[in-house]
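**Student:** Below is the file entry_35.pdb, which contains PDB, C-alpha atoms and all ligand atoms.
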```
ATOM      1  CA  MET A   1     -27.612 -60.121 -37.023
ATOM      2  CA  LYS A   2     -24.958 -59.182 -39.546
ATOM      3  CA  GLN A   3     -22.456 -56.744 -38.003
ATOM      4  CA  ASP A   4     -20.407 -57.018 -34.808
ATOM      5  CA  THR A   5     -22.304 -54.117 -33.267
ATOM      6  CA  ASP A   6     -25.570 -56.065 -33.707
ATOM      7  CA  PHE A   7     -24.391 -58.391 -30.935
ATOM      8  CA  ILE A   8     -24.622 -55.593 -28.369
ATOM      9  CA  ILE A   9     -28.078 -55.309 -26.829
ATOM     10  CA  THR A  10     -28.780 -52.334 -24.557
ATOM     11  CA  LEU A  11     -30.362 -53.453 -21.294
ATOM     12  CA  ALA A  12     -32.954 -51.056 -19.860
ATOM     13  CA  THR A  13     -32.718 -51.652 -16.111
ATOM     14  CA  ARG A  14     -31.362 -50.092 -12.928
ATOM     15  CA  ASN A  15     -31.549 -53.419 -11.108
ATOM     16  CA  GLU A  16     -28.100 -54.979 -10.695
ATOM     17  CA  GLY A  17     -29.584 -58.407  -9.887
ATOM     18  CA  LYS A  18     -31.419 -58.576 -13.214
ATOM     19  CA  ARG A  19     -28.310 -57.530 -15.154
ATOM     20  CA  ARG A  20     -26.165 -60.159 -13.404
ATOM     21  CA  GLU A  21     -28.684 -62.923 -14.122
ATOM     22  CA  LEU A  22     -29.072 -62.123 -17.807
ATOM     23  CA  GLU A  23     -25.306 -61.821 -18.373
ATOM     24  CA  ARG A  24     -24.733 -65.129 -16.628
ATOM     25  CA  TRP A  25     -27.495 -66.698 -18.727
ATOM     26  CA  LEU A  26     -25.735 -65.622 -21.957
ATOM     27  CA  HIS A  27     -22.327 -66.698 -20.645
ATOM     28  CA  GLN A  28     -23.617 -70.189 -19.782
ATOM     29  CA  ARG A  29     -24.852 -70.608 -23.337
ATOM     30  CA  HIS A  30     -21.626 -69.271 -24.924
ATOM     31  CA  SER A  31     -23.726 -66.645 -26.667
ATOM     32  CA  PRO A  32     -21.936 -63.930 -28.701
ATOM     33  CA  ILE A  33     -24.514 -61.396 -27.465
ATOM     34  CA  ARG A  34     -23.240 -58.749 -25.013
ATOM     35  CA  LEU A  35     -25.382 -56.536 -22.800
ATOM     36  CA  ALA A  36     -24.634 -52.843 -22.311
ATOM     37  CA  LEU A  37     -26.274 -50.343 -19.972
ATOM     38  CA  ASN A  38     -27.190 -46.820 -20.997
ATOM     39  CA  GLU A  39     -26.003 -45.020 -17.866
ATOM     40  CA  SER A  40     -27.571 -41.720 -18.899
ATOM     41  CA  VAL A  41     -31.127 -42.993 -18.360
ATOM     42  CA  GLY A  42     -32.691 -42.061 -15.008
ATOM     43  CA  GLU A  43     -35.682 -43.648 -13.294
ATOM     44  CA  ILE A  44     -38.496 -44.430 -15.715
ATOM     45  CA  GLU A  45     -42.091 -44.098 -14.544
ATOM     46  CA  GLU A  46     -43.888 -47.422 -14.931
ATOM     47  CA  THR A  47     -47.413 -46.379 -15.886
ATOM     48  CA  GLY A  48     -48.537 -49.541 -17.725
ATOM     49  CA  SER A  49     -51.259 -51.900 -16.523
ATOM     50  CA  THR A  50     -49.405 -55.138 -17.363
ATOM     51  CA  PHE A  51     -45.841 -56.419 -17.000
ATOM     52  CA  VAL A  52     -45.399 -56.361 -20.797
ATOM     53  CA  GLU A  53     -46.727 -52.784 -21.103
ATOM     54  CA  ASN A  54     -44.246 -51.624 -18.448
ATOM     55  CA  ALA A  55     -41.395 -53.464 -20.162
ATOM     56  CA  LEU A  56     -42.230 -51.690 -23.430
ATOM     57  CA  ILE A  57     -42.297 -48.306 -21.635
ATOM     58  CA  LYS A  58     -38.812 -48.967 -20.176
ATOM     59  CA  ALA A  59     -37.446 -50.147 -23.546
ATOM     60  CA  GLN A  60     -38.819 -47.160 -25.433
ATOM     61  CA  ALA A  61     -37.419 -44.712 -22.854
ATOM     62  CA  THR A  62     -33.887 -46.126 -23.254
ATOM     63  CA  PRO A  63     -31.820 -45.104 -26.285
ATOM     64  CA  PRO A  64     -29.572 -47.945 -27.545
ATOM     65  CA  VAL A  65     -25.854 -47.449 -26.862
ATOM     66  CA  VAL A  66     -25.161 -48.738 -30.388
ATOM     67  CA  PRO A  67     -26.865 -46.767 -33.190
ATOM     68  CA  GLY A  68     -29.537 -48.946 -34.786
ATOM     69  CA  GLY A  69     -29.243 -51.498 -31.960
ATOM     70  CA  TRP A  70     -31.873 -53.394 -29.981
ATOM     71  CA  VAL A  71     -33.013 -52.542 -26.437
ATOM     72  CA  LEU A  72     -34.073 -55.235 -23.939
ATOM     73  CA  ALA A  73     -36.351 -54.437 -21.015
ATOM     74  CA  GLU A  74     -38.347 -56.484 -18.568
ATOM     75  CA  ASP A  75     -40.866 -55.816 -15.855
ATOM     76  CA  SER A  76     -41.172 -58.566 -13.323
ATOM     77  CA  GLY A  77     -42.769 -59.209  -9.994
ATOM     78  CA  LEU A  78     -44.255 -61.495  -7.428
ATOM     79  CA  VAL A  79     -47.884 -62.633  -7.220
ATOM     80  CA  VAL A  80     -49.105 -64.046  -3.885
ATOM     81  CA  ASP A  81     -52.458 -65.791  -4.411
ATOM     82  CA  ALA A  82     -53.788 -65.524  -0.838
ATOM     83  CA  LEU A  83     -53.144 -61.743  -0.754
ATOM     84  CA  GLU A  84     -55.073 -60.963  -3.964
ATOM     85  CA  GLY A  85     -56.639 -57.476  -3.819
ATOM     86  CA  LEU A  86     -54.764 -56.312  -0.712
ATOM     87  CA  TYR A  87     -54.137 -52.529  -0.620
ATOM     88  CA  GLY A  88     -56.123 -52.337  -3.883
ATOM     89  CA  LEU A  89     -53.500 -54.330  -5.788
ATOM     90  CA  SER A  90     -54.706 -57.097  -8.103
ATOM     91  CA  PRO A  91     -52.617 -59.185  -8.280
ATOM     92  CA  PHE A  92     -50.718 -58.427  -5.061
ATOM     93  CA  PRO A  93     -48.009 -57.129  -5.051
ATOM     94  CA  GLY A  94     -47.751 -57.671  -8.843
ATOM     95  CA  LEU A  95     -46.675 -54.568 -10.736
ATOM     96  CA  LYS A  96     -45.843 -52.908  -7.396
ATOM     97  CA  SER A  97     -43.567 -55.694  -6.116
ATOM     98  CA  ASN A  98     -40.758 -53.220  -5.512
ATOM     99  CA  ARG A  99     -42.933 -50.382  -4.242
ATOM    100  CA  TRP A 100     -45.955 -51.656  -2.283
ATOM    101  CA  LEU A 101     -44.192 -51.329   1.094
ATOM    102  CA  THR A 102     -43.717 -47.716   2.116
ATOM    103  CA  PRO A 103     -41.440 -46.867   5.067
ATOM    104  CA  ALA A 104     -44.546 -45.961   7.137
ATOM    105  CA  LEU A 105     -46.291 -49.257   6.362
ATOM    106  CA  ARG A 106     -43.086 -51.152   7.082
ATOM    107  CA  ASP A 107     -42.843 -49.589  10.516
ATOM    108  CA  THR A 108     -46.465 -50.468  11.350
ATOM    109  CA  LEU A 109     -46.334 -53.959   9.866
ATOM    110  CA  LEU A 110     -42.937 -55.167  11.016
ATOM    111  CA  ALA A 111     -42.344 -53.433  14.334
ATOM    112  CA  GLN A 112     -44.467 -55.923  16.273
ATOM    113  CA  ALA A 113     -43.867 -59.063  14.224
ATOM    114  CA  TYR A 114     -40.092 -58.652  13.818
ATOM    115  CA  PRO A 115     -38.727 -56.143  16.366
ATOM    116  CA  ASN A 116     -35.215 -57.657  16.075
ATOM    117  CA  ARG A 117     -35.055 -58.123  12.307
ATOM    118  CA  MET A 118     -31.682 -57.987  10.533
ATOM    119  CA  PRO A 119     -30.200 -54.597   9.574
ATOM    120  CA  LEU A 120     -31.255 -53.118   6.263
ATOM    121  CA  ASP A 121     -29.680 -54.324   3.017
ATOM    122  CA  ARG A 122     -29.974 -52.740  -0.455
ATOM    123  CA  MET A 123     -32.612 -50.002  -0.382
ATOM    124  CA  THR A 124     -35.258 -50.064  -3.096
ATOM    125  CA  ASP A 125     -36.367 -46.888  -4.834
ATOM    126  CA  GLY A 126     -39.244 -46.799  -2.347
ATOM    127  CA  GLY A 127     -36.864 -46.405   0.639
ATOM    128  CA  VAL A 128     -37.222 -49.874   2.191
ATOM    129  CA  SER A 129     -34.874 -52.852   1.909
ATOM    130  CA  ASN A 130     -35.331 -56.193   0.142
ATOM    131  CA  THR A 131     -35.255 -57.827   3.579
ATOM    132  CA  ASP A 132     -38.158 -55.622   4.645
ATOM    133  CA  LEU A 133     -40.097 -56.667   1.536
ATOM    134  CA  CYS A 134     -39.557 -60.332   2.419
ATOM    135  CA  TYR A 135     -40.620 -59.847   6.046
ATOM    136  CA  GLY A 136     -43.595 -57.836   4.831
ATOM    137  CA  ILE A 137     -44.925 -60.780   2.794
ATOM    138  CA  LEU A 138     -44.259 -63.216   5.664
ATOM    139  CA  THR A 139     -46.134 -60.974   8.088
ATOM    140  CA  LEU A 140     -49.134 -60.542   5.807
ATOM    141  CA  LEU A 141     -49.386 -64.282   5.173
ATOM    142  CA  GLY A 142     -48.955 -65.177   8.849
ATOM    143  CA  GLN A 143     -50.086 -68.788   9.386
ATOM    144  CA  ASN A 144     -52.138 -68.861   6.153
ATOM    145  CA  ALA A 145     -51.941 -72.409   4.738
ATOM    146  CA  ASN A 146     -52.272 -71.163   1.144
ATOM    147  CA  ARG A 147     -48.702 -70.095   0.351
ATOM    148  CA  SER A 148     -48.976 -70.390  -3.423
ATOM    149  CA  ALA A 149     -47.220 -67.658  -5.450
ATOM    150  CA  GLN A 150     -45.641 -66.947  -8.842
ATOM    151  CA  TYR A 151     -42.782 -64.910 -10.254
ATOM    152  CA  CYS A 152     -43.890 -63.224 -13.498
ATOM    153  CA  CYS A 153     -41.781 -61.592 -16.195
ATOM    154  CA  GLY A 154     -42.930 -59.490 -19.139
ATOM    155  CA  MET A 155     -40.011 -58.945 -21.512
ATOM    156  CA  VAL A 156     -39.671 -56.808 -24.632
ATOM    157  CA  LEU A 157     -36.905 -56.528 -27.218
ATOM    158  CA  TRP A 158     -37.334 -53.222 -29.027
ATOM    159  CA  ASN A 159     -35.694 -51.873 -32.136
ATOM    160  CA  PRO A 160     -36.236 -48.091 -32.302
ATOM    161  CA  ALA A 161     -34.765 -47.911 -35.807
ATOM    162  CA  ASP A 162     -37.622 -49.867 -37.395
ATOM    163  CA  GLY A 163     -40.229 -49.820 -34.603
ATOM    164  CA  VAL A 164     -40.229 -53.604 -34.122
ATOM    165  CA  ALA A 165     -41.053 -54.997 -30.653
ATOM    166  CA  ILE A 166     -40.764 -58.686 -29.748
ATOM    167  CA  LYS A 167     -42.793 -59.419 -26.573
ATOM    168  CA  THR A 168     -43.250 -62.334 -24.198
ATOM    169  CA  MET A 169     -44.713 -63.137 -20.784
ATOM    170  CA  GLU A 170     -43.490 -66.019 -18.576
ATOM    171  CA  SER A 171     -44.020 -67.208 -15.013
ATOM    172  CA  VAL A 172     -42.826 -69.840 -12.539
ATOM    173  CA  ALA A 173     -44.781 -71.495  -9.718
ATOM    174  CA  LEU A 174     -43.590 -70.784  -6.157
ATOM    175  CA  TRP A 175     -44.409 -71.448  -2.512
ATOM    176  CA  VAL A 176     -43.728 -68.905   0.258
ATOM    177  CA  ILE A 177     -41.735 -70.344   3.181
ATOM    178  CA  GLU A 178     -42.777 -70.245   6.805
ATOM    179  CA  GLY A 179     -40.117 -68.983   9.207
ATOM    180  CA  GLU A 180     -37.054 -66.879   8.537
ATOM    181  CA  PRO A 181     -35.633 -65.838   5.100
ATOM    182  CA  ARG A 182     -32.820 -68.171   4.011
ATOM    183  CA  GLY A 183     -29.910 -67.825   1.566
ATOM    184  CA  THR A 184     -27.723 -65.063   0.198
ATOM    185  CA  HIS A 185     -27.848 -65.517  -3.596
ATOM    186  CA  GLY A 186     -30.234 -63.881  -6.058
ATOM    187  CA  PHE A 187     -32.119 -60.748  -5.014
ATOM    188  CA  GLY A 188     -35.545 -59.443  -4.037
ATOM    189  CA  TYR A 189     -37.910 -62.096  -2.667
ATOM    190  CA  ASP A 190     -35.602 -65.068  -3.371
ATOM    191  CA  PRO A 191     -34.829 -65.755   0.363
ATOM    192  CA  ILE A 192     -38.517 -66.592   1.058
ATOM    193  CA  MET A 193     -39.386 -68.476  -2.139
ATOM    194  CA  LEU A 194     -39.416 -72.210  -2.790
ATOM    195  CA  LEU A 195     -39.861 -73.586  -6.301
ATOM    196  CA  ARG A 196     -42.739 -75.979  -6.975
ATOM    197  CA  ASP A 197     -42.374 -79.058  -9.141
ATOM    198  CA  ASP A 198     -44.901 -80.351 -11.721
ATOM    199  CA  ARG A 199     -46.980 -81.926  -8.943
ATOM    200  CA  GLY A 200     -47.010 -78.626  -7.017
ATOM    201  CA  GLU A 201     -44.617 -79.887  -4.331
ATOM    202  CA  PRO A 202     -42.342 -77.178  -2.879
ATOM    203  CA  SER A 203     -38.566 -77.641  -3.064
ATOM    204  CA  GLN A 204     -36.414 -77.904   0.032
ATOM    205  CA  HIS A 205     -34.155 -74.903  -0.651
ATOM    206  CA  THR A 206     -35.143 -71.282  -1.145
ATOM    207  CA  ILE A 207     -34.191 -69.680  -4.465
ATOM    208  CA  ALA A 208     -31.564 -67.616  -2.586
ATOM    209  CA  GLU A 209     -29.957 -70.916  -1.558
ATOM    210  CA  LEU A 210     -29.549 -71.973  -5.214
ATOM    211  CA  SER A 211     -26.459 -71.095  -7.248
ATOM    212  CA  ALA A 212     -26.756 -68.437  -9.951
ATOM    213  CA  ASP A 213     -26.670 -71.160 -12.619
ATOM    214  CA  GLN A 214     -29.386 -73.196 -10.902
ATOM    215  CA  LYS A 215     -31.659 -70.154 -10.653
ATOM    216  CA  ASN A 216     -31.016 -69.272 -14.283
ATOM    217  CA  GLN A 217     -32.156 -72.692 -15.422
ATOM    218  CA  ILE A 218     -35.597 -72.260 -13.897
ATOM    219  CA  SER A 219     -36.201 -68.519 -13.623
ATOM    220  CA  HIS A 220     -39.060 -66.557 -15.174
ATOM    221  CA  ARG A 221     -36.415 -64.167 -16.544
ATOM    222  CA  GLY A 222     -34.389 -66.971 -18.139
ATOM    223  CA  LYS A 223     -37.534 -68.451 -19.717
ATOM    224  CA  ALA A 224     -38.530 -65.059 -21.110
ATOM    225  CA  PHE A 225     -35.035 -64.351 -22.474
ATOM    226  CA  GLN A 226     -35.003 -67.766 -24.161
ATOM    227  CA  ALA A 227     -38.349 -67.065 -25.858
ATOM    228  CA  ILE A 228     -37.238 -63.584 -26.969
ATOM    229  CA  LEU A 229     -33.953 -64.807 -28.484
ATOM    230  CA  ALA A 230     -35.750 -67.665 -30.281
ATOM    231  CA  ALA A 231     -38.189 -65.157 -31.803
ATOM    232  CA  LEU A 232     -35.289 -62.877 -32.770
ATOM    233  CA  ALA A 233     -33.384 -65.721 -34.434
ATOM    234  CA  ASN A 234     -36.543 -66.685 -36.284
ATOM    235  CA  GLN A 235     -37.054 -63.110 -37.460
ATOM    236  CA  THR A 236     -33.458 -62.479 -38.596
ATOM    237  CA  SER A 237     -33.284 -65.782 -40.497
ATOM    238  CA  GLN A 238     -36.286 -64.875 -42.672
TER     239      GLN A 238
HETATM  240  P1  LIG B 301     -35.915 -51.879 -13.248
HETATM  241  O1  LIG B 301     -37.332 -51.346 -13.347
HETATM  242  O2  LIG B 301     -34.877 -50.812 -13.311
HETATM  243  O3  LIG B 301     -35.646 -52.992 -14.227
HETATM  244  P2  LIG B 301     -36.801 -52.855 -10.647
HETATM  245  O4  LIG B 301     -36.125 -53.613  -9.536
HETATM  246  O5  LIG B 301     -37.548 -51.593 -10.273
HETATM  247  O6  LIG B 301     -35.704 -52.554 -11.788
HETATM  248  P3  LIG B 301     -39.258 -54.090 -11.482
HETATM  249  O7  LIG B 301     -40.027 -52.806 -11.556
HETATM  250  O8  LIG B 301     -39.430 -55.064 -12.612
HETATM  251  O9  LIG B 301     -37.705 -53.850 -11.397
HETATM  252  O10 LIG B 301     -39.581 -54.767 -10.080
HETATM  253  C1  LIG B 301     -39.383 -56.111  -9.924
HETATM  254  C2  LIG B 301     -39.343 -56.460  -8.451
HETATM  255  O11 LIG B 301     -39.959 -57.758  -8.305
HETATM  256  C3  LIG B 301     -37.896 -56.635  -7.993
HETATM  257  O12 LIG B 301     -37.297 -55.449  -7.539
HETATM  258  C4  LIG B 301     -38.053 -57.705  -6.906
HETATM  259  O13 LIG B 301     -38.514 -57.141  -5.718
HETATM  260  C5  LIG B 301     -39.165 -58.599  -7.515
HETATM  261  N1  LIG B 301     -38.543 -59.632  -8.382
HETATM  262  C6  LIG B 301     -38.596 -59.719  -9.738
HETATM  263  N2  LIG B 301     -37.857 -60.762 -10.177
HETATM  264  C7  LIG B 301     -37.318 -61.322  -9.092
HETATM  265  C8  LIG B 301     -36.430 -62.403  -8.888
HETATM  266  O14 LIG B 301     -35.939 -63.109  -9.906
HETATM  267  N3  LIG B 301     -36.064 -62.704  -7.654
HETATM  268  C9  LIG B 301     -36.542 -62.005  -6.613
HETATM  269  N4  LIG B 301     -37.357 -60.953  -6.701
HETATM  270  C10 LIG B 301     -37.760 -60.598  -7.931
END
```
Show me the file's structure as C-alpha cells.

**Tutor:**
Amino acid sequence: MKQDTDFIITLATRNEGKRRELERWLHQRHSPIRLALNESVGEIEETGSTFVENALIKAQATPPVVPGGWVLAEDSGLVVDALEGLYGLSPFPGLKSNRWLTPALRDTLLAQAYPNRMPLDRMTDGGVSNTDLCYGILTLLGQNANRSAQYCCGMVLWNPADGVAIKTMESVALWVIEGEPRGTHGFGYDPIMLLRDDRGEPSQHTIAELSADQKNQISHRGKAFQAILAALANQTSQ
C-alpha cells in the first residue's frame, strides 16, 4: 500500500451488521484502512456452491469506489449439524442462511410453536425477519439434544485492476440455545447462539449478549479479516 487512496477498501455488502462489525474491528486495531460502500450496486445473485465462491461473485460484481482499489466481500452463514440435509440443503441452512425461511414456511412452522412471538424486526431480502429465522431454527431443533452448530465465513479481497484475489475460509464452533432468544447486540442468529470453548462446553451468554468488541474477538468474520489482511501485508511487502 503506497498511496492514501490504497487505504480505502470497498466493501461489497448490503448487510449493515457486517459493515458495523468490520469497521469496529479495524477501529479496535487502530488500522489506517477505511471501508467504503458502493451504493450503486443492487442485489447480487449468489449462484456459487461454496461460501468462498459466493464471496468472489459479490466482490467481482462491485466496482471499487477508488480507481485501482481493492474490494472486500464475504459470504457467511450458519450450519446446524442435526438439521443436515433438511429441505435439500447440505449443510443446513448454510449458503441459504438468510433465505431458507419463506413467509409461507414461516407461517406453517411458527404459528403453532410460537403464536405470541415478538413483532417483526429487520426484514431480510426473503421477506421474513431475523427473529423469525431464530425461531425457525429453534422450532426445527425442538428438544433435539444435539445442538452443535458453526458460523462459517468465506472472505475474498479482490483487485480488479490486476485480477488478484486473496481468499480465506474460517468458522467458529457454536451451540444452539434452548428456550427464548436472548440479547440485542449483533445481528442474524446471534440471539440463539452460544460459543463453545476448546473442550466443546457452551458459554453462558448468547452472542447477542456480548459487546461488539467481545464478538469481534471471536467471530468467524474477524478471523477471516485477520487472515486476509495478513496475506495482503505479506503480498505488498514482497
Ligand atoms: P450481503 O450478501 O449483502 O453481504 P447477507 O445478509 O445477504 O448480506 P449472506 O448472504 O452472507 O449475507 O448471509 C449471511 C446470513 O447468515 C446473515 O444474513 C445471517 O442470517 C447469518 N449470519 C452470518 N454471519 C452472522 C453473524 O455474525 N451473526 C449472526 N448471523 C450471521

**Student:** Compute the set of protein, DNA and RNA residues whose minimum atom distance to ligand LIG 301 (chain B) is at most 8 Å, using only C-alpha atoms and all ligand atoms, and state it as number ranges by chain.

**Tutor:** A: 12-15, 17-18, 43-44, 46, 51, 55, 58, 73-78, 94-98, 124-125, 130, 133, 151-153, 186-190, 207, 219-221

**Student:** Which residue out of A:Glu16, A:Val79, A:Lys167, A:Trp175 has the minimum interatomic distance to Pro202 in chain A when all atoms listed in the file are used?

**Tutor:** A:Trp175

**Student:** Pick out the closest residue to Glu170 in chain A from this set: A:Val156, A:Ala61, A:Ile137, A:His27. Count all atoms listed in the file.

**Tutor:**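 Of all the options, A:Val156 lies closest to Glu170 in chain A.
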
**Student:** To one decimal in Å, tell me the separation between CA of Val172 in chain A and CA of Arg199 in chain A.

**Tutor:**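 According to the coordinates, CA of Val172 in chain A and CA of Arg199 in chain A are separated by 13.3 Å.
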
**Student:** Which is closest to Val66 in chain A among A:Leu195, A:Val80, A:Leu35, A:Ala149, if we use all atoms listed in the file?

**Tutor:** A:Leu35

**Student:** The PyMOL selection byres (((chain A and resi 144) around 12) and not hetatm) - which residues does that actually catch in the file I just gave you? List them as a list in words.

**Tutor:** Val80, Asp81, Ala82, Leu83, Ile137, Leu138, Thr139, Leu140, Leu141, Gly142, Gln143, Ala145, Asn146, Arg147, Ser148, Trp175, Val176, Ile177 and Glu178 of chain A

**Student:** For the provided coordinates, the residues matched by the PyMOL selection byres (((chain A and resi 210) around 12) and not hetatm) should be stated as number ranges by chain.

**Tutor:** A: 182-187, 190-191, 193-195, 203-209, 211-219

**Student:** The selected residues should be written to file as a JSON list (two decimals), in the coordinates of the input (atoms: C-alpha atoms).

**Tutor:**
```
[["chain", "number", "residue", "atom", "x", "y", "z"],
["A", 182, "ARG", "CA", -32.82, -68.17, 4.01],
["A", 183, "GLY", "CA", -29.91, -67.82, 1.57],
["A", 184, "THR", "CA", -27.72, -65.06, 0.20],
["A", 185, "HIS", "CA", -27.85, -65.52, -3.60],
["A", 186, "GLY", "CA", -30.23, -63.88, -6.06],
["A", 187, "PHE", "CA", -32.12, -60.75, -5.01],
["A", 190, "ASP", "CA", -35.60, -65.07, -3.37],
["A", 191, "PRO", "CA", -34.83, -65.76, 0.36],
["A", 193, "MET", "CA", -39.39, -68.48, -2.14],
["A", 194, "LEU", "CA", -39.42, -72.21, -2.79],
["A", 195, "LEU", "CA", -39.86, -73.59, -6.30],
["A", 203, "SER", "CA", -38.57, -77.64, -3.06],
["A", 204, "GLN", "CA", -36.41, -77.90, 0.03],
["A", 205, "HIS", "CA", -34.16, -74.90, -0.65],
["A", 206, "THR", "CA", -35.14, -71.28, -1.14],
["A", 207, "ILE", "CA", -34.19, -69.68, -4.46],
["A", 208, "ALA", "CA", -31.56, -67.62, -2.59],
["A", 209, "GLU", "CA", -29.96, -70.92, -1.56],
["A", 211, "SER", "CA", -26.46, -71.10, -7.25],
["A", 212, "ALA", "CA", -26.76, -68.44, -9.95],
["A", 213, "ASP", "CA", -26.67, -71.16, -12.62],
["A", 214, "GLN", "CA", -29.39, -73.20, -10.90],
["A", 215, "LYS", "CA", -31.66, -70.15, -10.65],
["A", 216, "ASN", "CA", -31.02, -69.27, -14.28],
["A", 217, "GLN", "CA", -32.16, -72.69, -15.42],
["A", 218, "ILE", "CA", -35.60, -72.26, -13.90],
["A", 219, "SER", "CA", -36.20, -68.52, -13.62]]
```

**Student:** Using all atoms listed in the file for the distances, tell me which of A:Gly88, A:Gly48, A:Gly42, A:Gly69 is nearest to Leu157 in chain A.

**Tutor:**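 Nearest to Leu157 in chain A: A:Gly69.
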
**Student:** What is the distance between CA of Leu72 in chain A and CA of Thr10 in chain A, in Å to one decimal?

**Tutor:**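 It comes out at 6.1 Å.
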
**Student:** If the PyMOL selection byres (((chain A and resi 229) around 12) and not hetatm) were run on this exact file, what residues would it hold? Put them as an NGL selection string.

**Tutor:** :A and (1 or 7 or 9 or 25-26 or 29 or 31 or 33 or 70 or 72 or 155-157 or 166-168 or 222-228 or 230-236)

**Student:** Store the residues picked out above in a file with C-alpha atoms, as a short mmCIF file (atom, residue, chain, number, x, y, z; two decimals), in the coordinates of the input.

**Tutor:**
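So the final result, stored in part-v8.cif, reads:
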```cif
data_model
loop_
_atom_site.label_atom_id
_atom_site.label_comp_id
_atom_site.auth_asym_id
_atom_site.auth_seq_id
_atom_site.Cartn_x
_atom_site.Cartn_y
_atom_site.Cartn_z
CA MET A 1 -27.61 -60.12 -37.02
CA PHE A 7 -24.39 -58.39 -30.94
CA ILE A 9 -28.08 -55.31 -26.83
CA TRP A 25 -27.50 -66.70 -18.73
CA LEU A 26 -25.74 -65.62 -21.96
CA ARG A 29 -24.85 -70.61 -23.34
CA SER A 31 -23.73 -66.64 -26.67
CA ILE A 33 -24.51 -61.40 -27.46
CA TRP A 70 -31.87 -53.39 -29.98
CA LEU A 72 -34.07 -55.24 -23.94
CA MET A 155 -40.01 -58.94 -21.51
CA VAL A 156 -39.67 -56.81 -24.63
CA LEU A 157 -36.90 -56.53 -27.22
CA ILE A 166 -40.76 -58.69 -29.75
CA LYS A 167 -42.79 -59.42 -26.57
CA THR A 168 -43.25 -62.33 -24.20
CA GLY A 222 -34.39 -66.97 -18.14
CA LYS A 223 -37.53 -68.45 -19.72
CA ALA A 224 -38.53 -65.06 -21.11
CA PHE A 225 -35.03 -64.35 -22.47
CA GLN A 226 -35.00 -67.77 -24.16
CA ALA A 227 -38.35 -67.06 -25.86
CA ILE A 228 -37.24 -63.58 -26.97
CA ALA A 230 -35.75 -67.67 -30.28
CA ALA A 231 -38.19 -65.16 -31.80
CA LEU A 232 -35.29 -62.88 -32.77
CA ALA A 233 -33.38 -65.72 -34.43
CA ASN A 234 -36.54 -66.68 -36.28
CA GLN A 235 -37.05 -63.11 -37.46
CA THR A 236 -33.46 -62.48 -38.60
#
```

**Student:** Nearest to Gly136 in chain A among A:Leu11, A:Leu174, A:Met169, A:Ile192, with distances taken over all atoms listed in the file: which residue is it?

**Tutor:** A:Ile192

**Student:** Have a look at A:Arg19, A:Asn159, A:Leu37, A:Asp132 and name the one nearest to Pro115 in chain A; count only C-alpha atoms.

**Tutor:** A:Asp132

**Student:** Which centre and edge lengths in Å to one decimal define the box along x, y and z that fits every listed atom of range 151-165 of chain A plus 3 Å per side, as lines of an AutoDock Vina configuration file?

**Tutor:**
```
center_x = -39.3
center_y = -56.4
center_z = -23.8
size_x = 15.1
size_y = 23.0
size_z = 33.1
```

**Student:** In Å, rounded to a single decimal, give me how far CA of Ser171 in chain A is from CA of Gly85 in chain A.

**Tutor:** 19.5 Å
